[in-house]
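Raw contents of target_23.cif, mmCIF, C-alpha atoms and all ligand atoms:
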data_entry
loop_
_atom_site.group_PDB
_atom_site.id
_atom_site.type_symbol
_atom_site.label_atom_id
_atom_site.label_comp_id
_atom_site.auth_asym_id
_atom_site.auth_seq_id
_atom_site.Cartn_x
_atom_site.Cartn_y
_atom_site.Cartn_z
ATOM 1 C CA MET A 1 -11.757 8.030 38.894
ATOM 2 C CA THR A 2 -13.293 5.882 36.190
ATOM 3 C CA SER A 3 -11.252 4.295 33.457
ATOM 4 C CA THR A 4 -13.330 6.219 30.901
ATOM 5 C CA ALA A 5 -11.995 9.517 32.236
ATOM 6 C CA ILE A 6 -8.430 8.271 31.893
ATOM 7 C CA LYS A 7 -9.084 6.931 28.408
ATOM 8 C CA GLY A 8 -10.532 10.248 27.302
ATOM 9 C CA ALA A 9 -7.338 12.048 28.235
ATOM 10 C CA ASP A 10 -5.156 9.941 25.932
ATOM 11 C CA PRO A 11 -5.365 9.543 22.193
ATOM 12 C CA ARG A 12 -7.401 6.429 21.459
ATOM 13 C CA VAL A 13 -5.697 5.799 18.139
ATOM 14 C CA ILE A 14 -2.038 6.469 17.389
ATOM 15 C CA PHE A 15 -0.289 5.968 14.041
ATOM 16 C CA THR A 16 3.484 6.257 14.470
ATOM 17 C CA ASN A 17 5.649 6.360 11.322
ATOM 18 C CA VAL A 18 3.452 3.839 9.537
ATOM 19 C CA SER A 19 4.558 2.632 6.098
ATOM 20 C CA LYS A 20 3.278 -0.107 3.833
ATOM 21 C CA THR A 21 4.586 -1.649 0.628
ATOM 22 C CA PHE A 22 2.706 -4.311 -1.332
ATOM 23 C CA GLU A 23 4.449 -6.897 -3.465
ATOM 24 C CA THR A 24 2.861 -6.763 -6.896
ATOM 25 C CA VAL A 25 3.567 -8.475 -10.215
ATOM 26 C CA LYS A 26 5.331 -5.283 -11.306
ATOM 27 C CA GLY A 27 7.464 -5.235 -8.141
ATOM 28 C CA PRO A 28 7.127 -3.536 -4.762
ATOM 29 C CA LEU A 29 4.516 -0.771 -4.542
ATOM 30 C CA ASN A 30 4.957 1.720 -1.720
ATOM 31 C CA VAL A 31 1.430 2.773 -0.756
ATOM 32 C CA VAL A 32 1.776 4.423 2.656
ATOM 33 C CA SER A 33 4.867 6.369 3.659
ATOM 34 C CA ASP A 34 5.732 7.434 7.190
ATOM 35 C CA VAL A 35 2.251 8.402 8.348
ATOM 36 C CA SER A 36 1.845 9.659 11.916
ATOM 37 C CA PHE A 37 -1.291 11.048 13.529
ATOM 38 C CA SER A 38 -3.460 10.458 16.558
ATOM 39 C CA MET A 39 -7.154 10.553 17.355
ATOM 40 C CA SER A 40 -8.476 11.499 20.774
ATOM 41 C CA GLU A 41 -11.747 10.139 22.115
ATOM 42 C CA GLY A 42 -14.761 11.756 20.490
ATOM 43 C CA SER A 43 -12.735 13.175 17.620
ATOM 44 C CA PHE A 44 -13.842 13.055 14.011
ATOM 45 C CA VAL A 45 -10.937 12.808 11.596
ATOM 46 C CA SER A 46 -11.344 12.792 7.808
ATOM 47 C CA LEU A 47 -8.832 11.711 5.191
ATOM 48 C CA ILE A 48 -8.991 13.402 1.807
ATOM 49 C CA GLY A 49 -6.775 12.143 -0.998
ATOM 50 C CA PRO A 50 -6.937 11.049 -4.629
ATOM 51 C CA SER A 51 -8.158 7.594 -5.642
ATOM 52 C CA GLY A 52 -5.384 5.016 -5.480
ATOM 53 C CA CYS A 53 -3.190 6.966 -3.035
ATOM 54 C CA GLY A 54 -3.481 4.465 -0.179
ATOM 55 C CA LYS A 55 -6.358 5.673 2.044
ATOM 56 C CA THR A 56 -8.192 2.359 2.213
ATOM 57 C CA THR A 57 -4.911 0.643 3.070
ATOM 58 C CA MET A 58 -4.497 3.000 6.050
ATOM 59 C CA LEU A 59 -8.016 2.267 7.249
ATOM 60 C CA GLN A 60 -7.525 -1.479 6.784
ATOM 61 C CA MET A 61 -4.370 -1.379 8.883
ATOM 62 C CA LEU A 62 -6.305 0.328 11.690
ATOM 63 C CA ALA A 63 -9.139 -2.189 11.250
ATOM 64 C CA GLY A 64 -6.579 -4.999 11.597
ATOM 65 C CA PHE A 65 -7.060 -6.561 8.154
ATOM 66 C CA VAL A 66 -3.659 -5.466 6.852
ATOM 67 C CA GLN A 67 -0.409 -5.329 8.833
ATOM 68 C CA PRO A 68 1.839 -2.262 8.644
ATOM 69 C CA GLU A 69 5.281 -2.946 7.269
ATOM 70 C CA THR A 70 7.072 -0.519 9.573
ATOM 71 C CA GLY A 71 5.865 1.749 12.350
ATOM 72 C CA SER A 72 3.034 1.029 14.764
ATOM 73 C CA ILE A 73 -0.696 1.502 15.188
ATOM 74 C CA THR A 74 -2.187 1.376 18.678
ATOM 75 C CA VAL A 75 -5.774 1.509 19.951
ATOM 76 C CA ASP A 76 -6.071 2.490 23.610
ATOM 77 C CA GLY A 77 -2.371 1.829 24.023
ATOM 78 C CA ALA A 78 -2.349 -1.712 22.601
ATOM 79 C CA PRO A 79 -0.922 -2.542 19.160
ATOM 80 C CA VAL A 80 -3.550 -3.565 16.622
ATOM 81 C CA LYS A 81 -3.315 -7.347 16.174
ATOM 82 C CA GLY A 82 -6.460 -7.953 14.125
ATOM 83 C CA PRO A 83 -10.107 -6.948 13.825
ATOM 84 C CA ASP A 84 -12.036 -6.416 17.071
ATOM 85 C CA SER A 85 -15.504 -5.245 18.070
ATOM 86 C CA ASP A 86 -14.128 -1.953 19.417
ATOM 87 C CA ARG A 87 -13.681 -0.927 15.753
ATOM 88 C CA GLY A 88 -16.628 -1.026 13.351
ATOM 89 C CA VAL A 89 -15.882 -0.819 9.657
ATOM 90 C CA ILE A 90 -18.119 0.479 6.900
ATOM 91 C CA PHE A 91 -16.577 -0.523 3.590
ATOM 92 C CA GLN A 92 -16.634 1.389 0.366
ATOM 93 C CA GLU A 93 -18.499 -1.459 -1.315
ATOM 94 C CA TYR A 94 -19.436 -5.119 -0.781
ATOM 95 C CA GLY A 95 -20.775 -3.986 2.581
ATOM 96 C CA VAL A 96 -23.677 -6.435 2.746
ATOM 97 C CA TYR A 97 -23.970 -10.207 2.444
ATOM 98 C CA PRO A 98 -26.128 -11.038 -0.580
ATOM 99 C CA TRP A 99 -27.335 -14.333 0.909
ATOM 100 C CA MET A 100 -28.799 -12.647 4.007
ATOM 101 C CA THR A 101 -31.954 -10.550 4.272
ATOM 102 C CA VAL A 102 -31.835 -6.920 5.407
ATOM 103 C CA ALA A 103 -32.704 -7.898 9.005
ATOM 104 C CA GLU A 104 -30.153 -10.736 9.031
ATOM 105 C CA ASN A 105 -27.467 -8.432 7.679
ATOM 106 C CA ILE A 106 -28.129 -5.868 10.413
ATOM 107 C CA ALA A 107 -28.117 -8.552 13.119
ATOM 108 C CA PHE A 108 -24.946 -10.191 11.778
ATOM 109 C CA GLY A 109 -22.365 -8.460 13.963
ATOM 110 C CA MET A 110 -24.455 -8.942 17.087
ATOM 111 C CA LYS A 111 -24.450 -12.719 16.594
ATOM 112 C CA LEU A 112 -20.668 -12.895 16.854
ATOM 113 C CA ALA A 113 -19.675 -14.366 20.200
ATOM 114 C CA ARG A 114 -17.420 -11.471 21.044
ATOM 115 C CA ASN A 115 -20.338 -9.036 20.988
ATOM 116 C CA LYS A 116 -22.559 -11.045 23.336
ATOM 117 C CA LYS A 117 -26.053 -9.712 22.655
ATOM 118 C CA THR A 118 -29.171 -11.609 23.736
ATOM 119 C CA LYS A 119 -31.877 -12.499 21.196
ATOM 120 C CA ALA A 120 -34.155 -9.798 22.628
ATOM 121 C CA GLU A 121 -31.415 -7.163 22.444
ATOM 122 C CA GLN A 122 -30.677 -8.165 18.859
ATOM 123 C CA LYS A 123 -34.307 -7.829 17.873
ATOM 124 C CA GLU A 124 -34.599 -4.467 19.555
ATOM 125 C CA ALA A 125 -31.469 -3.171 17.847
ATOM 126 C CA VAL A 126 -32.511 -4.467 14.409
ATOM 127 C CA ASP A 127 -35.877 -2.757 14.855
ATOM 128 C CA HIS A 128 -34.255 0.483 15.942
ATOM 129 C CA TYR A 129 -31.848 0.618 12.981
ATOM 130 C CA ILE A 130 -34.494 -0.470 10.448
ATOM 131 C CA ASP A 131 -36.394 2.671 11.432
ATOM 132 C CA MET A 132 -33.326 4.885 11.693
ATOM 133 C CA MET A 133 -32.151 3.891 8.202
ATOM 134 C CA LYS A 134 -35.672 4.061 6.737
ATOM 135 C CA LEU A 135 -35.692 0.381 5.784
ATOM 136 C CA ARG A 136 -39.075 -0.480 7.282
ATOM 137 C CA GLY A 137 -40.959 -2.863 5.011
ATOM 138 C CA PHE A 138 -37.696 -4.300 3.599
ATOM 139 C CA GLU A 139 -36.693 -6.430 6.619
ATOM 140 C CA ASP A 140 -37.028 -9.681 4.670
ATOM 141 C CA ALA A 141 -35.759 -8.400 1.336
ATOM 142 C CA TYR A 142 -32.446 -9.574 -0.125
ATOM 143 C CA PRO A 143 -29.800 -6.980 -1.061
ATOM 144 C CA LYS A 144 -30.006 -7.683 -4.802
ATOM 145 C CA THR A 145 -33.573 -6.373 -4.810
ATOM 146 C CA LEU A 146 -32.522 -3.045 -3.230
ATOM 147 C CA SER A 147 -31.047 0.116 -4.717
ATOM 148 C CA GLY A 148 -27.359 0.881 -4.132
ATOM 149 C CA GLY A 149 -28.306 3.560 -1.624
ATOM 150 C CA MET A 150 -30.486 1.169 0.374
ATOM 151 C CA ARG A 151 -27.779 -1.480 0.410
ATOM 152 C CA GLN A 152 -25.366 1.078 1.755
ATOM 153 C CA ARG A 153 -27.850 2.000 4.510
ATOM 154 C CA VAL A 154 -28.019 -1.690 5.475
ATOM 155 C CA ALA A 155 -24.213 -1.747 5.713
ATOM 156 C CA ILE A 156 -24.221 1.377 7.881
ATOM 157 C CA ALA A 157 -26.946 -0.079 10.123
ATOM 158 C CA ARG A 158 -24.962 -3.284 10.573
ATOM 159 C CA ALA A 159 -21.892 -1.383 11.722
ATOM 160 C CA TYR A 160 -23.848 0.919 14.062
ATOM 161 C CA ALA A 161 -25.824 -2.003 15.558
ATOM 162 C CA VAL A 162 -22.741 -3.472 17.248
ATOM 163 C CA SER A 163 -22.136 -0.085 18.866
ATOM 164 C CA PRO A 164 -18.371 0.075 18.299
ATOM 165 C CA GLN A 165 -16.626 2.955 20.025
ATOM 166 C CA ILE A 166 -14.479 3.603 16.977
ATOM 167 C CA LEU A 167 -16.068 3.867 13.534
ATOM 168 C CA LEU A 168 -13.940 3.422 10.422
ATOM 169 C CA MET A 169 -15.849 4.631 7.395
ATOM 170 C CA ASP A 170 -14.548 4.237 3.837
ATOM 171 C CA GLU A 171 -16.493 6.587 1.562
ATOM 172 C CA PRO A 172 -19.703 5.426 3.236
ATOM 173 C CA PHE A 173 -22.061 7.948 1.673
ATOM 174 C CA GLY A 174 -20.688 8.051 -1.879
ATOM 175 C CA ALA A 175 -23.475 5.907 -3.341
ATOM 176 C CA LEU A 176 -26.289 7.923 -1.773
ATOM 177 C CA ASP A 177 -28.391 10.658 -3.355
ATOM 178 C CA ALA A 178 -27.827 14.172 -1.974
ATOM 179 C CA GLN A 179 -30.845 14.156 0.325
ATOM 180 C CA THR A 180 -30.113 10.748 1.888
ATOM 181 C CA ARG A 181 -26.473 11.684 2.176
ATOM 182 C CA LEU A 182 -27.335 14.759 4.229
ATOM 183 C CA ALA A 183 -29.700 12.709 6.410
ATOM 184 C CA MET A 184 -26.906 10.158 7.034
ATOM 185 C CA GLN A 185 -24.422 12.919 7.847
ATOM 186 C CA MET A 186 -26.828 14.474 10.364
ATOM 187 C CA LEU A 187 -27.464 11.046 11.932
ATOM 188 C CA LEU A 188 -23.761 10.407 12.243
ATOM 189 C CA MET A 189 -23.190 13.756 13.967
ATOM 190 C CA ASP A 190 -26.029 12.965 16.328
ATOM 191 C CA LEU A 191 -24.591 9.528 17.129
ATOM 192 C CA MET A 192 -21.183 11.072 17.723
ATOM 193 C CA GLN A 193 -22.603 13.546 20.205
ATOM 194 C CA LYS A 194 -24.798 11.044 22.062
ATOM 195 C CA GLU A 195 -22.326 8.171 22.222
ATOM 196 C CA ARG A 196 -18.985 9.952 21.940
ATOM 197 C CA LYS A 197 -17.860 7.887 18.998
ATOM 198 C CA THR A 198 -14.385 8.326 17.585
ATOM 199 C CA VAL A 199 -14.615 8.413 13.794
ATOM 200 C CA LEU A 200 -12.152 8.012 10.938
ATOM 201 C CA LEU A 201 -13.805 8.913 7.633
ATOM 202 C CA ILE A 202 -12.401 8.587 4.131
ATOM 203 C CA THR A 203 -14.123 10.890 1.695
ATOM 204 C CA HIS A 204 -13.613 12.488 -1.698
ATOM 205 C CA SER A 205 -15.844 15.343 -0.704
ATOM 206 C CA VAL A 206 -14.106 18.358 0.793
ATOM 207 C CA GLU A 207 -17.535 19.685 1.788
ATOM 208 C CA GLU A 208 -18.431 16.499 3.626
ATOM 209 C CA ALA A 209 -15.108 16.538 5.465
ATOM 210 C CA ILE A 210 -15.482 20.157 6.587
ATOM 211 C CA PHE A 211 -19.109 19.651 7.579
ATOM 212 C CA LEU A 212 -18.365 16.660 9.816
ATOM 213 C CA SER A 213 -14.770 16.760 11.042
ATOM 214 C CA ASN A 214 -12.811 18.379 13.776
ATOM 215 C CA ARG A 215 -9.637 17.440 11.964
ATOM 216 C CA ILE A 216 -8.906 16.941 8.273
ATOM 217 C CA LEU A 217 -5.787 15.217 7.029
ATOM 218 C CA MET A 218 -4.917 16.112 3.451
ATOM 219 C CA ILE A 219 -3.255 13.041 1.936
ATOM 220 C CA SER A 220 -0.753 13.146 -0.927
ATOM 221 C CA ALA A 221 -0.721 11.173 -4.145
ATOM 222 C CA ARG A 222 0.738 7.659 -3.688
ATOM 223 C CA PRO A 223 2.424 6.835 -1.424
ATOM 224 C CA SER A 224 0.086 8.359 1.157
ATOM 225 C CA ARG A 225 1.745 10.998 3.294
ATOM 226 C CA VAL A 226 0.024 13.535 5.540
ATOM 227 C CA LEU A 227 0.472 16.851 3.688
ATOM 228 C CA GLN A 228 -1.573 19.003 6.034
ATOM 229 C CA SER A 229 -3.468 18.513 9.257
ATOM 230 C CA ILE A 230 -6.219 21.066 9.709
ATOM 231 C CA ASP A 231 -8.107 21.507 12.983
ATOM 232 C CA LEU A 232 -11.657 22.803 12.723
ATOM 233 C CA PRO A 233 -12.706 24.602 15.886
ATOM 234 C CA TYR A 234 -16.425 24.714 15.022
ATOM 235 C CA ALA A 235 -18.923 23.432 17.594
ATOM 236 C CA TYR A 236 -21.407 20.596 17.051
ATOM 237 C CA PRO A 237 -24.125 20.062 16.080
ATOM 238 C CA ARG A 238 -23.433 21.771 12.774
ATOM 239 C CA THR A 239 -26.264 22.738 10.485
ATOM 240 C CA PRO A 240 -26.610 22.596 6.697
ATOM 241 C CA GLU A 241 -26.973 26.403 6.768
ATOM 242 C CA TRP A 242 -23.438 26.672 8.118
ATOM 243 C CA THR A 243 -22.093 25.329 4.831
ATOM 244 C CA ALA A 244 -23.106 28.625 3.188
ATOM 245 C CA SER A 245 -21.010 30.715 5.615
ATOM 246 C CA SER A 246 -17.881 32.509 4.444
ATOM 247 C CA ASP A 247 -15.721 30.516 6.922
ATOM 248 C CA PHE A 248 -16.902 27.283 5.391
ATOM 249 C CA GLN A 249 -16.588 28.419 1.794
ATOM 250 C CA ARG A 250 -13.110 29.872 2.282
ATOM 251 C CA MET A 251 -11.905 26.589 3.727
ATOM 252 C CA ARG A 252 -13.593 24.626 0.963
ATOM 253 C CA LEU A 253 -11.797 26.581 -1.773
ATOM 254 C CA GLU A 254 -8.457 26.233 -0.006
ATOM 255 C CA LEU A 255 -8.758 22.486 0.488
ATOM 256 C CA GLU A 256 -10.178 21.844 -2.963
ATOM 257 C CA GLU A 257 -7.075 23.428 -4.439
ATOM 258 C CA VAL A 258 -4.794 21.075 -2.474
ATOM 259 C CA SER A 259 -7.033 18.158 -3.332
ATOM 260 C CA MET A 260 -6.967 18.942 -7.065
ATOM 261 C CA GLN A 261 -3.173 19.234 -7.079
ATOM 262 C CA GLN A 262 -2.824 15.793 -5.528
ATOM 263 C CA TYR A 263 -5.397 14.372 -7.900
ATOM 264 C CA ALA A 264 -3.273 15.633 -10.808
ATOM 265 C CA GLU A 265 -0.120 14.109 -9.230
ATOM 266 C CA GLN A 266 -1.883 10.783 -8.862
ATOM 267 C CA GLN A 267 -3.067 10.917 -12.504
ATOM 268 C CA LYS A 268 0.595 11.230 -13.569
ATOM 269 C CA LEU A 269 1.369 8.019 -11.628
ATOM 270 C CA PHE A 270 -1.416 6.182 -13.423
ATOM 271 C CA ALA A 271 -0.149 7.468 -16.781
ATOM 272 C CA ASN A 272 3.298 5.919 -16.215
HETATM 273 N N1 LIG Y 1 -3.412 -6.241 -1.312
HETATM 274 C C1 LIG Y 1 -2.845 -5.463 -2.250
HETATM 275 N N2 LIG Y 1 -1.867 -5.934 -3.031
HETATM 276 C C2 LIG Y 1 -1.281 -5.155 -3.974
HETATM 277 N N3 LIG Y 1 -1.622 -3.864 -4.199
HETATM 278 C C3 LIG Y 1 -2.588 -3.344 -3.452
HETATM 279 C C4 LIG Y 1 -3.268 -4.092 -2.424
HETATM 280 N N4 LIG Y 1 -4.192 -3.292 -1.851
HETATM 281 C C5 LIG Y 1 -4.108 -2.110 -2.483
HETATM 282 N N5 LIG Y 1 -3.143 -2.134 -3.439
HETATM 283 C C6 LIG Y 1 -2.760 -0.994 -4.283
HETATM 284 O O1 LIG Y 1 -2.376 0.057 -3.429
HETATM 285 C C7 LIG Y 1 -2.766 1.313 -3.975
HETATM 286 C C8 LIG Y 1 -3.610 2.071 -2.965
HETATM 287 O O2 LIG Y 1 -4.840 1.418 -2.797
HETATM 288 P P1 LIG Y 1 -5.943 1.925 -1.782
HETATM 289 O O3 LIG Y 1 -5.384 1.908 -0.412
HETATM 290 O O4 LIG Y 1 -7.163 1.118 -2.036
HETATM 291 O O5 LIG Y 1 -6.147 3.436 -2.276
HETATM 292 P P2 LIG Y 1 -7.358 4.468 -2.076
HETATM 293 O O6 LIG Y 1 -8.269 3.918 -1.031
HETATM 294 O O7 LIG Y 1 -6.693 5.748 -1.678
HETATM 295 O O8 LIG Y 1 -8.033 4.593 -3.405
HETATM 296 C C9 LIG Y 1 -3.477 1.008 -5.274
HETATM 297 O O9 LIG Y 1 -2.566 1.193 -6.328
HETATM 298 C C10 LIG Y 1 -3.889 -0.441 -5.126
HETATM 299 O O10 LIG Y 1 -3.946 -1.071 -6.367
HETATM 300 MG MG MG Y 2 -10.280 3.438 -1.205
#
When written as structure tokens, how does the structure in this file appear?
Ligand SMILES: Nc1ncnc2c1ncn2[C@@H]1O[C@H](COP(=O)(O)OP(=O)(O)O)[C@@H](O)[C@H]1O
Ligand SMILES: [Mg+2]
Amino acid sequence: MTSTAIKGADPRVIFTNVSKTFETVKGPLNVVSDVSFSMSEGSFVSLIGPSGCGKTTMLQMLAGFVQPETGSITVDGAPVKGPDSDRGVIFQEYGVYPWMTVAENIAFGMKLARNKKTKAEQKEAVDHYIDMMKLRGFEDAYPKTLSGGMRQRVAIARAYAVSPQILLMDEPFGALDAQTRLAMQMLLMDLMQKERKTVLLITHSVEEAIFLSNRILMISARPSRVLQSIDLPYAYPRTPEWTASSDFQRMRLELEEVSMQQYAEQQKLFAN
């Protein structure tokens, strides 16, 4: 028996009754309330919830940047203590370092001691992801000279280059045009299949979540609670044509209704 086989049998990520309250100038703000869910190896879980409800906070707790207040988060059985190379994060914004070129940004994670890549391996990986993300010709460019979509592709390349087993993606494709977005979604599905990644994706797009996920968690207005957990039994790879099917469209309408309700609830919170 290999350890991989044992790992695969257990959930890789477990949230157990996780809550979080921030101290703010206006007093305590409860952002995450009693969230429990797990992710098995190779699963693709999406979170859909209104802006400001606490999704990024959940992802940052799993990444190890923010500590839960109560409850626990484990990765492969061990409590999350801080960031580690087993979890790659793609942030919603500020994903690239402005003082580094495209190639330096992509190589960044591989230079960290904990990732232990040789110079030759780094070069090979940078080359590979420059092509994959269609950044050829921009290796030596600085982020400020690139479009928002290109910068986001650099950020995605940097996270993929370290080859983390668990990918945490915070609205990674929001800044991309429709065509690039689809290309990135197809690439991600391909990567998932080839390397059995475990993915947690935050998205505003119900369509994106259905297209990519095998589980969708519908998140409430603040504080974040899991309102519904929907399993999607559809095989991979999925095709763009599938999004026109009646199965897909029925689910889209259903989830968009839930999503709009929570959006309205969250708007009321902002109004107060
Ligand atoms: N470090 C922090 N200190 C105080 N408040 C915070 C902090 N981080 C996030 N918040 C607040 O928590 C709420 C949820 O934020 P966030 O998790 O970013 O939501 P989402 O990603 O769903 O838009 C927001 O009201 C935000 O202002
Ligand atoms: Mg967010």
Can you write out as JSON lines which residues of chain A fall within 12 Å of ligand MG 2 (chain Y), alongside each residue's closest atom pair and its distance in Å to one decimal, counting only C-alpha atoms and all ligand atoms and ordering rows by chain and ascending residue number?
{"residue": "A:Val31", "atom": "CA", "partner": "Y:MG2", "partner_atom": "MG", "distance": 11.7}
{"residue": "A:Leu47", "atom": "CA", "partner": "Y:MG2", "partner_atom": "MG", "distance": 10.6}
{"residue": "A:Ile48", "atom": "CA", "partner": "Y:MG2", "partner_atom": "MG", "distance": 10.5}
{"residue": "A:Gly49", "atom": "CA", "partner": "Y:MG2", "partner_atom": "MG", "distance": 9.4}
{"residue": "A:Pro50", "atom": "CA", "partner": "Y:MG2", "partner_atom": "MG", "distance": 9.0}
{"residue": "A:Ser51", "atom": "CA", "partner": "Y:MG2", "partner_atom": "MG", "distance": 6.4}
{"residue": "A:Gly52", "atom": "CA", "partner": "Y:MG2", "partner_atom": "MG", "distance": 6.7}
{"residue": "A:Cys53", "atom": "CA", "partner": "Y:MG2", "partner_atom": "MG", "distance": 8.1}
{"residue": "A:Gly54", "atom": "CA", "partner": "Y:MG2", "partner_atom": "MG", "distance": 7.0}
{"residue": "A:Lys55", "atom": "CA", "partner": "Y:MG2", "partner_atom": "MG", "distance": 5.6}
{"residue": "A:Thr56", "atom": "CA", "partner": "Y:MG2", "partner_atom": "MG", "distance": 4.1}
{"residue": "A:Thr57", "atom": "CA", "partner": "Y:MG2", "partner_atom": "MG", "distance": 7.4}
{"residue": "A:Met58", "atom": "CA", "partner": "Y:MG2", "partner_atom": "MG", "distance": 9.3}
{"residue": "A:Leu59", "atom": "CA", "partner": "Y:MG2", "partner_atom": "MG", "distance": 8.8}
{"residue": "A:Gln60", "atom": "CA", "partner": "Y:MG2", "partner_atom": "MG", "distance": 9.8}
{"residue": "A:Ile90", "atom": "CA", "partner": "Y:MG2", "partner_atom": "MG", "distance": 11.7}
{"residue": "A:Phe91", "atom": "CA", "partner": "Y:MG2", "partner_atom": "MG", "distance": 8.9}
{"residue": "A:Gln92", "atom": "CA", "partner": "Y:MG2", "partner_atom": "MG", "distance": 6.9}
{"residue": "A:Glu93", "atom": "CA", "partner": "Y:MG2", "partner_atom": "MG", "distance": 9.6}
{"residue": "A:Met169", "atom": "CA", "partner": "Y:MG2", "partner_atom": "MG", "distance": 10.3}
{"residue": "A:Asp170", "atom": "CA", "partner": "Y:MG2", "partner_atom": "MG", "distance": 6.7}
{"residue": "A:Glu171", "atom": "CA", "partner": "Y:MG2", "partner_atom": "MG", "distance": 7.5}
{"residue": "A:Pro172", "atom": "CA", "partner": "Y:MG2", "partner_atom": "MG", "distance": 10.6}
{"residue": "A:Gly174", "atom": "CA", "partner": "Y:MG2", "partner_atom": "MG", "distance": 11.4}
{"residue": "A:Leu201", "atom": "CA", "partner": "Y:MG2", "partner_atom": "MG", "distance": 11.0}
{"residue": "A:Ile202", "atom": "CA", "partner": "Y:MG2", "partner_atom": "MG", "distance": 7.7}
{"residue": "A:Thr203", "atom": "CA", "partner": "Y:MG2", "partner_atom": "MG", "distance": 8.9}
{"residue": "A:His204", "atom": "CA", "partner": "Y:MG2", "partner_atom": "MG", "distance": 9.7}
{"residue": "A:Ser224", "atom": "CA", "partner": "Y:MG2", "partner_atom": "MG", "distance": 11.7}
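The neighbours of Arg250 in chain A here are the residues that come within 12 Å of it, using all atoms listed in the file and leaving out any residue fewer than 6 positions away in the same chain; they are Val206, Glu207, Ile210, Thr243, Ala244, Glu256 and Glu257 of chain A.
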Exercise. Any chance you could work out the residue set of the PyMOL selection byres (((chain A and resi 135) around 12) and not hetatm) here, as a ChimeraX atom specification?
Worked result: /A:101-103,106,126-134,136-141,143,146-147,149-157
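Proximity to ligand LIG 1 (chain Y) was assessed for A:Val45, A:Ala63, A:Val32, A:Ala175 counting all atoms listed in the file; the smallest distance is recorded for A:Val32.
Considering all atoms listed in the file, the residue among A:Ser220, A:Gln122, A:Thr198, A:Ser36 positioned nearest to ligand LIG 1 (chain Y) is A:Ser220.
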Exercise. Of the candidates A:Leu200, A:Ile14, A:Leu29, A:Met192, which one gets nearest to ligand LIG 1 (chain Y) if we count all atoms listed in the file?
Worked result: A:Leu29
Exercise. For Gly148 in chain A, which residue among A:Met100, A:Gly95, A:Gln179, A:Gly64 is the nearest when counting only C-alpha atoms?
Worked result: A:Gly95
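Every residue that the PyMOL selection byres (((chain A and resi 88) around 9) and not hetatm) selects in this file is listed here: A:Ala63, A:Pro83, A:Asp84, A:Ser85, A:Asp86, A:Arg87, A:Val89, A:Ile90, A:Ala159, A:Tyr160, A:Val162, A:Ser163, A:Pro164, A:Gln165, A:Ile166, A:Leu167, A:Leu168, A:Met169.
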Exercise. CA of Val96 in chain A and CA of Met189 in chain A, how far apart in Å?
Worked result: 23.1 Å
For this session: Run the PyMOL selection byres (((chain A and resi 182-188) around 9) and not hetatm) mentally over the shown coordinates, then write out the matched residues as a PyMOL selection string, using the chain letters and numbers from the document.
Result: chain A and resi 132-133+153+173+177-181+189-193+208+211-212+237-240
Problem set entry | One-decimal distance in Å that lies between atom O6 of ligand LIG 1 (chain Y) and CA of Asp10 in chain A | 27.8 Å
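Between ligand LIG 1 (chain Y) and the residues A:Leu269, A:Leu176, A:Ile216, A:Ala209, the shortest atom-to-atom distance, using all atoms listed in the file, involves A:Leu269.
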